[in-house]
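Novice: Data file protein_3.txt (compact mmCIF, C-alpha atoms) is appended below.
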```
# COMPACT_ATOMS: atom_id res chain seq x y z
CA MET A 203 148.49 85.17 54.62
CA PRO A 204 149.07 82.31 57.08
CA ARG A 205 146.12 81.63 59.28
CA LEU A 206 148.01 82.44 62.46
CA ALA A 207 149.13 85.82 61.16
CA ARG A 208 145.57 86.65 60.14
CA ALA A 209 144.30 85.70 63.59
CA LEU A 210 146.95 87.89 65.19
CA LEU A 211 146.05 90.78 62.92
CA LEU A 212 142.40 90.41 63.90
CA LEU A 213 143.38 90.37 67.53
CA PHE A 214 145.12 93.71 67.12
CA LEU A 215 142.42 95.25 64.97
CA LEU A 216 139.49 94.32 67.19
CA PRO A 217 140.44 96.44 70.18
CA ALA A 218 141.00 99.32 67.80
CA PHE A 219 137.48 98.95 66.48
CA GLY A 220 136.15 98.63 70.00
CA GLY A 221 137.94 101.80 70.98
CA ALA A 222 136.68 103.70 67.98
CA GLN A 223 133.13 102.66 68.79
CA ALA A 224 133.39 103.82 72.37
CA GLN A 225 134.55 107.23 71.18
CA ASP A 226 131.68 107.71 68.71
CA PRO A 227 129.98 110.88 69.99
CA ARG A 228 126.66 109.67 68.61
CA ALA A 229 126.70 106.37 70.51
CA PRO A 230 123.82 106.33 73.04
CA ASP A 231 125.94 105.88 76.18
CA VAL A 232 128.43 108.55 75.11
CA LEU A 233 125.52 110.86 74.38
CA VAL A 234 123.94 110.38 77.82
CA LYS A 235 127.25 110.95 79.56
CA SER A 236 128.20 114.09 77.66
CA VAL A 237 124.73 115.65 77.88
CA THR A 238 124.47 114.88 81.62
CA LEU A 239 127.89 116.25 82.49
CA GLU A 240 127.48 119.30 80.27
CA THR A 241 124.07 120.15 81.71
CA VAL A 242 125.19 119.72 85.32
CA GLU A 243 128.23 121.89 84.66
CA LEU A 244 126.18 124.63 83.00
CA ILE A 245 123.78 124.64 85.95
CA ALA A 246 126.62 124.84 88.45
CA LYS A 247 128.11 127.83 86.59
CA ASP A 248 124.86 129.73 86.03
CA LYS A 249 124.26 132.39 88.67
CA GLU A 250 120.61 132.96 87.67
CA ILE A 251 119.78 129.26 88.03
CA LYS A 252 121.68 129.02 91.31
CA SER A 253 119.60 131.87 92.67
CA GLY A 254 116.45 130.00 91.75
CA SER A 255 115.46 131.11 88.23
CA ARG A 256 113.12 128.40 86.96
CA ALA A 257 112.63 130.13 83.62
CA LYS A 258 116.38 130.05 82.94
CA LEU A 259 116.62 126.40 83.99
CA ILE A 260 113.77 125.42 81.69
CA GLN A 261 115.41 127.36 78.87
CA LEU A 262 118.62 125.40 79.44
CA ILE A 263 116.80 122.06 79.44
CA ASP A 264 114.98 123.08 76.27
CA ALA A 265 118.24 123.79 74.51
CA LYS A 266 120.47 121.00 75.83
CA VAL A 267 118.37 118.04 76.90
CA LEU A 268 115.10 118.02 74.98
CA PRO A 269 116.53 117.51 71.50
CA HIS A 270 117.51 114.02 72.68
CA PHE A 271 113.98 113.00 73.72
CA ASN A 272 111.30 111.54 71.49
CA PHE A 273 108.14 113.01 72.99
CA SER A 274 105.65 111.56 70.55
CA SER A 275 106.98 108.09 71.40
CA MET A 276 106.63 108.89 75.10
CA ALA A 277 103.09 110.19 74.74
CA ALA A 278 102.11 107.17 72.63
CA LEU A 279 103.51 104.74 75.22
CA ALA A 280 101.82 106.53 78.12
CA MET A 281 98.51 106.46 76.23
CA GLY A 282 98.72 102.78 75.37
CA GLN A 283 95.73 101.59 73.33
CA ASN A 284 94.03 104.99 73.51
CA TRP A 285 96.75 106.45 71.28
CA ASN A 286 95.22 104.84 68.20
CA LYS A 287 91.83 106.36 69.01
CA ALA A 288 93.25 109.89 68.98
CA THR A 289 93.05 112.11 65.89
CA PRO A 290 96.32 113.54 64.50
CA GLU A 291 95.38 116.91 66.01
CA GLN A 292 94.77 115.33 69.44
CA LYS A 293 98.07 113.44 69.20
CA LYS A 294 99.88 116.67 68.47
CA ARG A 295 98.32 118.51 71.40
CA LEU A 296 98.84 115.56 73.76
CA THR A 297 102.51 115.41 72.83
CA GLU A 298 102.88 119.17 73.39
CA GLU A 299 101.23 119.13 76.80
CA PHE A 300 103.02 115.99 77.95
CA ARG A 301 106.30 117.52 76.85
CA THR A 302 105.65 120.67 78.87
CA LEU A 303 104.76 118.62 81.94
CA LEU A 304 107.88 116.46 81.66
CA VAL A 305 110.13 119.48 81.20
CA ARG A 306 108.75 121.06 84.37
CA THR A 307 109.24 117.80 86.26
CA TYR A 308 112.73 117.42 84.91
CA ALA A 309 113.57 120.98 85.91
CA SER A 310 112.48 120.25 89.47
CA ALA A 311 114.61 117.14 89.55
CA LEU A 312 117.64 119.03 88.29
CA ALA A 313 117.06 121.92 90.68
CA ALA A 314 117.26 119.36 93.49
CA TYR A 315 120.63 118.15 92.26
CA SER A 316 123.43 119.01 94.67
CA ASP A 317 126.78 117.29 94.77
CA GLN A 318 125.94 113.70 93.94
CA ARG A 319 128.40 111.81 91.80
CA PHE A 320 127.49 109.88 88.66
CA ASP A 321 128.55 106.40 87.71
CA PHE A 322 128.08 105.84 83.99
CA ARG A 323 127.75 102.13 83.33
CA PRO A 324 129.26 100.56 80.24
CA LEU A 325 126.68 99.92 77.53
CA ARG A 326 125.83 96.28 76.98
CA ALA A 327 124.51 96.19 73.44
CA LYS A 328 125.39 94.94 69.99
CA PRO A 329 126.29 97.51 67.31
CA THR A 330 123.22 96.37 65.35
CA ASP A 331 120.78 97.06 68.23
CA THR A 332 118.23 99.81 67.64
CA ASP A 333 116.75 99.79 71.16
CA VAL A 334 119.11 100.01 74.13
CA THR A 335 119.12 100.88 77.83
CA VAL A 336 121.80 103.27 79.02
CA GLN A 337 122.43 102.93 82.75
CA VAL A 338 123.59 105.69 85.04
CA ARG A 339 123.78 105.57 88.82
CA VAL A 340 123.68 108.51 91.18
CA LEU A 341 125.90 107.93 94.21
CA GLN A 342 125.30 109.39 97.65
CA SER A 343 126.91 108.47 100.97
CA GLY A 344 124.74 106.57 103.45
CA ALA A 345 122.23 105.62 100.78
CA GLN A 346 121.87 102.97 98.11
CA PRO A 347 122.88 104.34 94.69
CA VAL A 348 119.87 105.45 92.65
CA PRO A 349 119.83 103.84 89.21
CA ILE A 350 118.59 105.92 86.29
CA ASP A 351 117.98 103.95 83.09
CA TYR A 352 117.41 105.69 79.79
CA SER A 353 115.52 103.60 77.24
CA MET A 354 116.70 104.81 73.85
CA GLU A 355 115.72 104.07 70.27
CA LYS A 356 117.69 104.64 67.11
CA THR A 357 115.95 107.05 64.76
CA ALA A 358 116.94 108.76 61.52
CA ALA A 359 117.88 111.78 63.64
CA GLY A 360 120.12 109.79 66.01
CA TRP A 361 119.45 108.09 69.35
CA LYS A 362 116.42 109.37 71.23
CA VAL A 363 115.21 108.72 74.79
CA TYR A 364 111.67 107.29 74.97
CA ASP A 365 111.53 106.40 78.67
CA VAL A 366 113.38 107.24 81.87
CA ILE A 367 113.36 104.69 84.68
CA VAL A 368 114.38 106.13 88.05
CA GLY A 369 114.94 103.66 90.89
CA GLY A 370 112.95 101.07 88.99
CA VAL A 371 110.03 103.40 88.30
CA SER A 372 109.31 103.92 84.62
CA LEU A 373 108.06 107.44 84.02
CA VAL A 374 106.06 106.43 80.96
CA ALA A 375 104.48 103.40 82.64
CA ASN A 376 103.61 105.49 85.68
CA TYR A 377 101.45 107.83 83.60
CA ARG A 378 99.49 104.96 82.06
CA THR A 379 96.89 104.53 84.80
CA GLU A 380 96.41 108.27 85.20
CA PHE A 381 95.95 108.74 81.46
CA ALA A 382 93.64 105.75 81.15
CA ASN A 383 91.50 107.02 84.06
CA ALA A 384 91.25 110.50 82.56
CA VAL A 385 90.29 109.14 79.13
CA ARG A 386 87.69 106.82 80.66
CA ASN A 387 86.16 109.67 82.66
CA SER A 388 86.22 112.51 80.17
CA GLY A 389 87.67 111.32 76.86
CA ILE A 390 90.91 112.25 75.13
CA ASP A 391 89.96 115.95 75.03
CA GLY A 392 89.33 115.72 78.76
CA LEU A 393 92.84 114.37 79.30
CA ILE A 394 94.32 117.16 77.18
CA LYS A 395 92.39 119.66 79.26
CA ASP A 396 93.62 118.07 82.51
CA LEU A 397 97.20 118.33 81.28
CA GLN A 398 96.70 121.96 80.26
CA THR A 399 95.25 122.84 83.65
CA LYS A 400 98.14 121.05 85.36
CA ASN A 401 100.74 122.85 83.25
CA ARG A 402 99.14 126.23 83.78
CA SER A 403 99.23 125.71 87.56
CA LEU A 404 102.99 125.17 87.27
CA GLU A 405 103.78 128.32 85.26
CA PRO A 406 107.12 129.57 86.61
CA GLU A 407 105.99 133.17 87.13
CA LYS A 408 103.19 132.08 89.43
CA LYS A 409 105.49 130.02 91.65
CA MET B 224 87.55 90.59 118.82
CA ARG B 225 84.35 92.47 118.05
CA GLY B 226 86.44 95.13 116.33
CA VAL B 227 87.57 92.79 113.59
CA PRO B 228 84.26 92.29 111.74
CA ALA B 229 83.63 96.03 112.00
CA LEU B 230 87.02 96.74 110.51
CA LEU B 231 86.40 94.19 107.78
CA LEU B 232 83.09 95.86 107.00
CA ALA B 233 84.76 99.23 106.84
CA LEU B 234 87.36 97.81 104.48
CA LEU B 235 84.69 96.30 102.25
CA ALA B 236 82.62 99.48 102.28
CA GLY B 237 85.74 101.37 101.28
CA GLY B 238 86.26 98.88 98.49
CA CYS B 239 82.80 99.53 97.08
CA ALA B 240 83.39 103.23 96.80
CA THR B 241 85.99 102.97 94.06
CA ALA B 242 85.29 104.41 90.65
CA ASN B 243 88.15 103.34 88.43
CA GLY B 244 88.73 99.94 90.04
CA ASP B 245 92.40 99.06 89.84
CA PRO B 246 92.52 95.31 90.61
CA ARG B 247 95.55 95.86 92.85
CA ASP B 248 93.65 98.41 94.92
CA PRO B 249 90.21 97.12 95.92
CA LEU B 250 90.34 99.25 99.08
CA GLU B 251 90.83 102.47 97.16
CA GLY B 252 88.03 104.29 98.99
CA LEU B 253 89.50 103.56 102.40
CA ASN B 254 93.06 104.09 101.20
CA ARG B 255 92.21 107.50 99.79
CA GLY B 256 90.78 108.47 103.17
CA VAL B 257 93.98 107.49 104.98
CA TYR B 258 95.97 109.20 102.22
CA ARG B 259 94.10 112.48 102.78
CA PHE B 260 94.69 112.18 106.52
CA ASN B 261 98.44 111.55 106.01
CA ASP B 262 98.66 114.39 103.53
CA ALA B 263 97.01 116.85 105.91
CA LEU B 264 99.25 115.75 108.78
CA ASP B 265 102.30 116.01 106.55
CA SER B 266 101.43 119.53 105.41
CA ALA B 267 100.71 120.63 108.97
CA ILE B 268 103.65 119.07 110.82
CA MET B 269 106.13 116.76 109.10
CA ARG B 270 106.94 118.80 106.02
CA PRO B 271 107.40 122.13 107.85
CA VAL B 272 109.61 120.46 110.46
CA ALA B 273 111.68 118.70 107.79
CA SER B 274 112.03 121.95 105.80
CA ALA B 275 113.20 123.82 108.88
CA TYR B 276 115.65 121.02 109.65
CA ARG B 277 117.02 121.21 106.12
CA ASP B 278 117.28 124.99 106.16
CA TRP B 279 118.86 125.34 109.59
CA VAL B 280 121.00 122.25 110.04
CA HIS B 281 124.19 122.18 108.01
CA ASP B 282 124.50 119.77 105.08
CA GLU B 283 127.48 118.09 106.72
CA ILE B 284 125.61 117.34 109.94
CA ARG B 285 122.56 116.03 108.09
CA GLY B 286 124.90 113.74 106.19
CA ARG B 287 126.28 112.38 109.49
CA VAL B 288 122.78 111.79 110.83
CA ARG B 289 121.82 109.95 107.62
CA ASN B 290 124.98 107.83 107.85
CA PHE B 291 124.41 107.03 111.50
CA PHE B 292 120.92 105.59 110.98
CA SER B 293 121.98 103.93 107.76
CA ASN B 294 124.74 102.13 109.66
CA LEU B 295 122.34 100.95 112.38
CA ALA B 296 120.26 99.29 109.67
CA ASP B 297 123.13 97.39 108.02
CA PRO B 298 123.14 94.31 110.34
CA MET B 299 119.47 93.61 109.55
CA ILE B 300 120.15 94.21 105.85
CA SER B 301 122.97 91.67 106.10
CA LEU B 302 120.56 89.17 107.67
CA HIS B 303 118.01 89.76 104.90
CA ASN B 304 120.59 89.12 102.20
CA LEU B 305 121.53 85.92 104.03
CA LEU B 306 117.85 84.88 104.17
CA GLN B 307 117.60 85.58 100.45
CA GLY B 308 120.68 83.49 99.68
CA LYS B 309 122.80 86.44 98.55
CA PHE B 310 125.88 85.54 100.56
CA GLU B 311 128.27 87.98 98.95
CA ASP B 312 125.91 90.92 99.54
CA SER B 313 125.34 89.73 103.10
CA LEU B 314 129.07 89.70 103.73
CA THR B 315 129.43 93.16 102.20
CA ASP B 316 126.78 94.50 104.61
CA ALA B 317 128.56 92.93 107.59
CA VAL B 318 131.89 94.41 106.49
CA ARG B 319 130.19 97.78 106.03
CA PHE B 320 128.87 97.66 109.59
CA VAL B 321 132.24 96.70 111.08
CA PHE B 322 134.22 99.34 109.16
CA ASN B 323 131.72 102.15 109.56
CA SER B 324 131.14 101.45 113.26
CA THR B 325 134.86 101.54 114.03
CA PHE B 326 136.90 103.54 111.54
CA GLY B 327 133.75 105.42 110.55
CA LEU B 328 133.26 106.56 114.16
CA LEU B 329 130.00 104.85 115.15
CA GLY B 330 128.71 105.09 111.61
CA LEU B 331 128.95 108.85 111.29
CA HIS B 332 131.14 108.37 108.23
CA ASP B 333 130.22 106.01 105.44
CA ILE B 334 133.82 105.07 104.65
CA ALA B 335 132.75 101.62 103.42
CA SER B 336 131.00 103.14 100.40
CA ASP B 337 134.17 105.02 99.50
CA MET B 338 136.03 101.70 99.73
CA GLY B 339 133.61 100.16 97.27
CA TYR B 340 131.37 98.27 99.71
CA GLU B 341 128.05 99.35 98.33
CA LYS B 342 125.00 100.08 100.50
CA HIS B 343 122.03 97.77 99.94
CA ASN B 344 118.31 98.22 100.49
CA GLU B 345 116.53 95.25 102.09
CA ASP B 346 113.61 94.68 104.46
CA PHE B 347 111.17 91.91 105.42
CA GLY B 348 108.77 92.82 102.62
CA GLN B 349 111.53 92.30 100.06
CA THR B 350 112.65 89.04 101.66
CA PHE B 351 109.07 87.69 101.52
CA GLY B 352 108.91 88.88 97.91
CA ARG B 353 112.14 87.04 97.10
CA TRP B 354 110.67 83.91 98.67
CA GLY B 355 107.81 84.16 96.22
CA ALA B 356 105.11 86.09 98.10
CA GLY B 357 103.10 88.43 95.92
CA SER B 358 102.59 91.95 97.19
CA GLY B 359 98.86 91.55 97.90
CA VAL B 360 96.52 94.50 97.68
CA TYR B 361 97.62 98.09 98.09
CA LEU B 362 97.41 99.62 101.57
CA VAL B 363 97.97 103.17 102.71
CA LEU B 364 99.13 102.97 106.32
CA PRO B 365 98.45 105.80 108.74
CA LEU B 366 101.60 107.97 109.08
CA LEU B 367 103.74 105.56 107.03
CA GLY B 368 101.99 105.86 103.67
CA SER B 369 102.20 103.49 100.68
CA SER B 370 102.36 99.80 101.51
CA SER B 371 100.77 96.48 100.66
CA VAL B 372 99.63 93.46 102.64
CA ARG B 373 103.04 91.82 102.28
CA ASP B 374 105.06 94.96 102.89
CA GLY B 375 102.83 96.13 105.73
CA LEU B 376 103.41 92.84 107.53
CA GLY B 377 107.10 93.27 106.75
CA THR B 378 107.07 96.76 108.24
CA VAL B 379 105.69 95.43 111.54
CA LEU B 380 108.62 92.99 111.71
CA ASP B 381 111.08 95.68 110.58
CA PHE B 382 110.01 97.85 113.49
CA ALA B 383 110.25 94.97 115.97
CA ALA B 384 113.80 94.17 114.83
CA ASP B 385 114.87 97.82 114.69
CA PRO B 386 117.80 98.66 117.02
CA VAL B 387 116.23 102.03 117.82
CA ALA B 388 113.20 100.16 119.25
CA GLN B 389 115.55 98.71 121.89
CA VAL B 390 116.60 102.14 123.21
CA ASP B 391 115.47 101.97 126.81
CA PRO B 392 114.06 105.12 128.34
CA THR B 393 110.92 105.81 126.32
CA GLY B 394 111.76 109.49 126.18
CA ALA B 395 115.14 108.84 124.59
CA ARG B 396 113.58 106.40 122.12
CA ALA B 397 110.97 108.97 121.10
CA GLY B 398 113.68 111.59 120.62
CA VAL B 399 115.87 109.34 118.46
CA THR B 400 112.85 108.26 116.43
CA ALA B 401 111.82 111.88 115.86
CA VAL B 402 115.29 112.82 114.58
CA ARG B 403 115.33 109.78 112.33
CA PHE B 404 111.94 110.48 110.75
CA THR B 405 112.79 114.14 110.32
CA GLN B 406 115.95 113.12 108.49
CA VAL B 407 114.05 110.68 106.26
CA ARG B 408 111.34 113.26 105.50
CA ALA B 409 113.97 115.93 104.76
CA ASP B 410 115.63 113.61 102.25
CA LEU B 411 112.25 113.19 100.57
CA LEU B 412 111.42 116.91 100.31
CA ASP B 413 112.56 117.18 96.71
CA ALA B 414 110.94 113.93 95.68
CA SER B 415 107.60 114.90 97.19
CA ARG B 416 107.67 118.28 95.45
CA ILE B 417 108.42 116.58 92.14
CA LEU B 418 105.50 114.23 92.77
CA GLU B 419 103.19 117.20 93.39
CA GLU B 420 104.25 118.68 90.09
CA ALA B 421 104.34 115.57 87.94
CA ALA B 422 101.08 113.91 88.92
CA LEU B 423 97.59 114.55 87.61
CA ASP B 424 96.24 112.46 90.48
CA LYS B 425 98.86 112.22 93.24
CA TYR B 426 97.23 109.18 94.82
CA VAL B 427 97.29 107.13 91.62
CA PHE B 428 100.76 108.30 90.63
CA GLN B 429 102.20 107.40 94.02
CA ARG B 430 100.45 104.02 94.09
CA ASP B 431 101.75 103.01 90.68
CA ALA B 432 105.23 104.22 91.53
CA TYR B 433 105.11 102.22 94.76
CA PHE B 434 104.34 98.95 92.97
CA GLN B 435 107.02 99.59 90.35
CA ARG B 436 109.58 100.56 92.97
CA ARG B 437 108.95 97.58 95.24
CA ARG B 438 109.07 95.15 92.34
CA SER B 439 112.41 96.61 91.34
CA LEU B 440 113.72 96.38 94.92
CA VAL B 441 112.66 92.74 95.33
CA TYR B 442 114.75 91.94 92.25
CA ASP B 443 117.58 94.29 93.35
CA GLY B 444 117.06 96.62 90.43
CA ARG B 445 117.04 93.85 87.83
CA PRO B 446 113.41 92.75 87.53
CA PRO B 447 112.46 90.49 84.63
CA ARG B 448 112.12 92.96 81.79
CA GLU B 449 108.61 94.32 81.50
CA ASP B 450 108.69 96.27 78.29
CA VAL B 451 106.74 99.50 78.13
CA ARG B 452 106.33 98.84 74.39
```
Please express what this file holds, its structure, as C-alpha cells.
Specialist:
Amino acid sequence: MPRLARALLLLFLLPAFGGAQAQDPRAPDVLVKSVTLETVELIAKDKEIKSGSRAKLIQLIDAKVLPHFNFSSMAALAMGQNWNKATPEQKKRLTEEFRTLLVRTYASALAAYSDQRFDFRPLRAKPTDTDVTVQVRVLQSGAQPVPIDYSMEKTAAGWKVYDVIVGGVSLVANYRTEFANAVRNSGIDGLIKDLQTKNRSLEPEKK
Amino acid sequence: MRGVPALLLALLAGGCATANGDPRDPLEGLNRGVYRFNDALDSAIMRPVASAYRDWVHDEIRGRVRNFFSNLADPMISLHNLLQGKFEDSLTDAVRFVFNSTFGLLGLHDIASDMGYEKHNEDFGQTFGRWGAGSGVYLVLPLLGSSSVRDGLGTVLDFAADPVAQVDPTGARAGVTAVRFTQVRADLLDASRILEEAALDKYVFQRDAYFQRRRSLVYDGRPPREDVR
C-alpha cells in the first residue's frame, strides 16, 4: 500500500478508535458520569428519600455508589505509616468503620443536593494509565463552580475510586492528622473505638 | 501599646498548651478557645437565623440575594486577577460586572455565567499567596473563623475595599451586612452539618481542610500535584 494511502487510512481509523474508547462503559470517566447521573436521578424519583429517609438513601448509596470505591486503599492512605503497624484484623475493622463513616458523610452530601448542574470534564489520560483523575464540576449561579476530582486506580475488578477531592480538599488527606492524633493518643484500637463511637452517634434511627 | 506584650504573652501561653503540636498551628490552645467561642455563638445565633432564613425565604429570592452580593464583589476580583497577572480572567470579571449590573438588573441575575463568563474566587490572601507569601501560622478569628497570618491580613484589606463598607448611614450598612452574612451562613448550612458528621475532631478537620482549600484557591484549583500516595 502506498505510504500516503496508509496515512489516510490511519487518519480515518484513529477517530474511530477514539470514539470507541470514549464509549467504553468501563472507562473511568464514563463510569463516574453514568453513576453520578443515575444516582441523582434515582434520588429525585424516590419519594421516601425526598421525604427525608436516611436509611433508604444509605441503602441506595450502598447499592449504586459503593461498589466503585476501594475502601481498603482509602483507609490505608488515611492511616499513612500507621497502616503497616496494624494487624490484619485491625486493618479489616478500620476499613469497615471508615467505610461506614464515609457512607454517612456521602449521604449527607447527596441529601444536600438540589438542582445544581454537572459539568463532566474530558479525561486527560493515556490508555495505558492505571491511575487517573476524573474531574467533575458542580455549577451554581452566583458562585464559583465547585470542582470534584475522583482519584481512581485500575484494579482487577475495574476502576475504583481511592480519593475524592472536593474544592481542592482531599478527603483522604484530611483524615490523616485526625487518625495520626488518635493513634498517638490511644493506639490503633483507640482509633477504631473512636470511629465506632462516631458512627454509632450517627445511626439514622437516632437522628 | 501596653496591650501588645500582654497579647503576645497570651498567644505564647496558648501555644504552650498544645498536645499534638501541628507545626502549622503553634497557637492551637488559643485558637481552640476562639473556636469554642465562635461555635457557641454560631449555635446560639447565626445558625438558627440562617436556618430560619432558608426555611422561610424562597429559593428564588435567596438566589437573587446571593447573586447581588456576588456581583458587588466582581470588580475587586477583577483587580486581584490583574494584580496576579491573569489578564484574561481579570477581563472576564469586568465583563461579568458590566453585564450583570445592567442586563442582569443590578446583579440580581447572574446572566454572565449562563453566557460562559465563569465566576472566580479571589481575595487579598490569595493575591499575596500568588506573589509568593506563605500562609503563616493558623489563626481562628473571632466571628470569622479559620484564617492564617497571611489570610487574616488579607481579610482586613478585603473589608476595607468592600463596597458594602462604603454604604453611608451606619444603620443601613449594618442591615446590608446582616443580610449578607445570613446568606453566606445559609449557603454553608449543609457543609457545616457534613463537617459535624465527618469529623472525629471538628477543630482539626476544619483546620486541615482550610489549609488544603486555600492552597487550592491560590493556584486556582490546579496546585502542584501533592500525591496522597
Novice: What residues in chain B lie within 7 Å of chain A, counting only C-alpha atoms, written as a PDB file with C-alpha atoms, in the frame of the given file?
Specialist:
```pdb
ATOM      1  CA  ASN B 243      88.150 103.340  88.430  1.00  0.00           C
ATOM      2  CA  ARG B 289     121.820 109.950 107.620  1.00  0.00           C
ATOM      3  CA  ASN B 290     124.980 107.830 107.850  1.00  0.00           C
ATOM      4  CA  SER B 293     121.980 103.930 107.760  1.00  0.00           C
ATOM      5  CA  ASP B 333     130.220 106.010 105.440  1.00  0.00           C
ATOM      6  CA  SER B 336     131.000 103.140 100.400  1.00  0.00           C
ATOM      7  CA  LYS B 342     125.000 100.080 100.500  1.00  0.00           C
ATOM      8  CA  HIS B 343     122.030  97.770  99.940  1.00  0.00           C
ATOM      9  CA  ASN B 344     118.310  98.220 100.490  1.00  0.00           C
ATOM     10  CA  ASP B 413     112.560 117.180  96.710  1.00  0.00           C
ATOM     11  CA  ILE B 417     108.420 116.580  92.140  1.00  0.00           C
ATOM     12  CA  GLU B 420     104.250 118.680  90.090  1.00  0.00           C
ATOM     13  CA  ALA B 421     104.340 115.570  87.940  1.00  0.00           C
ATOM     14  CA  LEU B 423      97.590 114.550  87.610  1.00  0.00           C
ATOM     15  CA  ASP B 424      96.240 112.460  90.480  1.00  0.00           C
ATOM     16  CA  VAL B 427      97.290 107.130  91.620  1.00  0.00           C
ATOM     17  CA  PHE B 428     100.760 108.300  90.630  1.00  0.00           C
ATOM     18  CA  ASP B 431     101.750 103.010  90.680  1.00  0.00           C
ATOM     19  CA  ALA B 432     105.230 104.220  91.530  1.00  0.00           C
ATOM     20  CA  GLN B 435     107.020  99.590  90.350  1.00  0.00           C
ATOM     21  CA  ARG B 436     109.580 100.560  92.970  1.00  0.00           C
ATOM     22  CA  SER B 439     112.410  96.610  91.340  1.00  0.00           C
ATOM     23  CA  GLY B 444     117.060  96.620  90.430  1.00  0.00           C
ATOM     24  CA  VAL B 451     106.740  99.500  78.130  1.00  0.00           C
ATOM     25  CA  ARG B 452     106.330  98.840  74.390  1.00  0.00           C
TER      26      ARG B 452
END
```
Novice: Could you tell me how far CA of Ala317 (chain B) sits from CA of Ile334 (chain B), in Å to one decimal place?
Specialist: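 It comes out at 13.6 Å.
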Novice: Counting all atoms listed in the file, which residue out of B:Leu329, B:Leu302, B:Leu362, B:Leu376 sits closest to Leu253 (chain B)?
Specialist: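 Once distances to Leu253 (chain B) are computed over all atoms listed in the file, the minimum belongs to B:Leu362.
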Novice: Might you pull out every residue within 8 Å of region 275-287 of chain B, with only C-alpha atoms counted and same-chain residues fewer than 6 positions away left off, and present them as a list in words?
Specialist: Ser343 and Gly344 of chain A; Gly330, Leu331, His332, Thr405, Gln406 and Ala409 of chain B
Novice: Find the distance between CA of Leu325 (chain A) and CA of Asp351 (chain A) and write it in Å to one decimal.
Specialist: 11.1 Å
Novice: Fewer than 6 positions away in the same chain doesn't count, so skip those; otherwise give me all residues within 10 Å of Tyr258 (chain B), counting all atoms listed in the file, as a list of chain:residue names.
Specialist: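 So, after excluding close chain neighbours, the residues are B:Glu251, B:Gly252, B:Leu264, B:Leu362, B:Val363, B:Leu364, B:Pro365, B:Leu366, B:Leu367, B:Gly368, B:Ser369, B:Lys425, B:Tyr426.
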Novice: Which is closer to Lys293 (chain A) than all the others in A:Ile394, A:Glu355, A:Arg228, A:Val237, using only C-alpha atoms?
Specialist: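 Nearest to Lys293 (chain A): A:Ile394.
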Novice: Separation of CA of Lys356 (chain A) and CA of Leu259 (chain A), in Å?
Specialist: 27.6 Å
Novice: Within 10 Å of Arg353 (chain B), counting all atoms listed in the file, which residues show up once you throw out same-chain ones fewer than 3 positions away? Write them as a list in words, please.
Specialist: Leu306, Gln307, Gly308, Phe347, Gly348, Gln349, Thr350, Ala356, Gly357, Arg438, Leu440, Val441, Tyr442 and Asp443 of chain B
Novice: Of the residues B:Asp262, B:Ser358, B:Lys309, B:Met269, which is the one nearest to Phe404 (chain B), using all atoms listed in the file?
Specialist: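 Smallest distance to Phe404 (chain B) is found for B:Met269.
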Novice: Contacts of His270 (chain A) at 7 Å or less, counting only C-alpha atoms, minus same-chain residues fewer than 3 places along, as a ChimeraX atom specification?
Specialist: /A:267,362-363
Novice: Provide an axis-aligned box for all listed atoms of region 254-259 of chain A, padding each side by 3 Å; report its centre and its edge lengths in Å to one decimal, as lines of an AutoDock Vina configuration file.
Specialist:
```
center_x = 114.6
center_y = 128.8
center_z = 87.3
size_x = 10.0
size_y = 10.7
size_z = 14.8
```
Novice: Nearest residue to Lys294 (chain A) out of A:Ile350, A:Met281, A:Ser274, A:Val334, using all atoms listed in the file?
Specialist: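 Once distances to Lys294 (chain A) are computed over all atoms listed in the file, the minimum belongs to A:Ser274.
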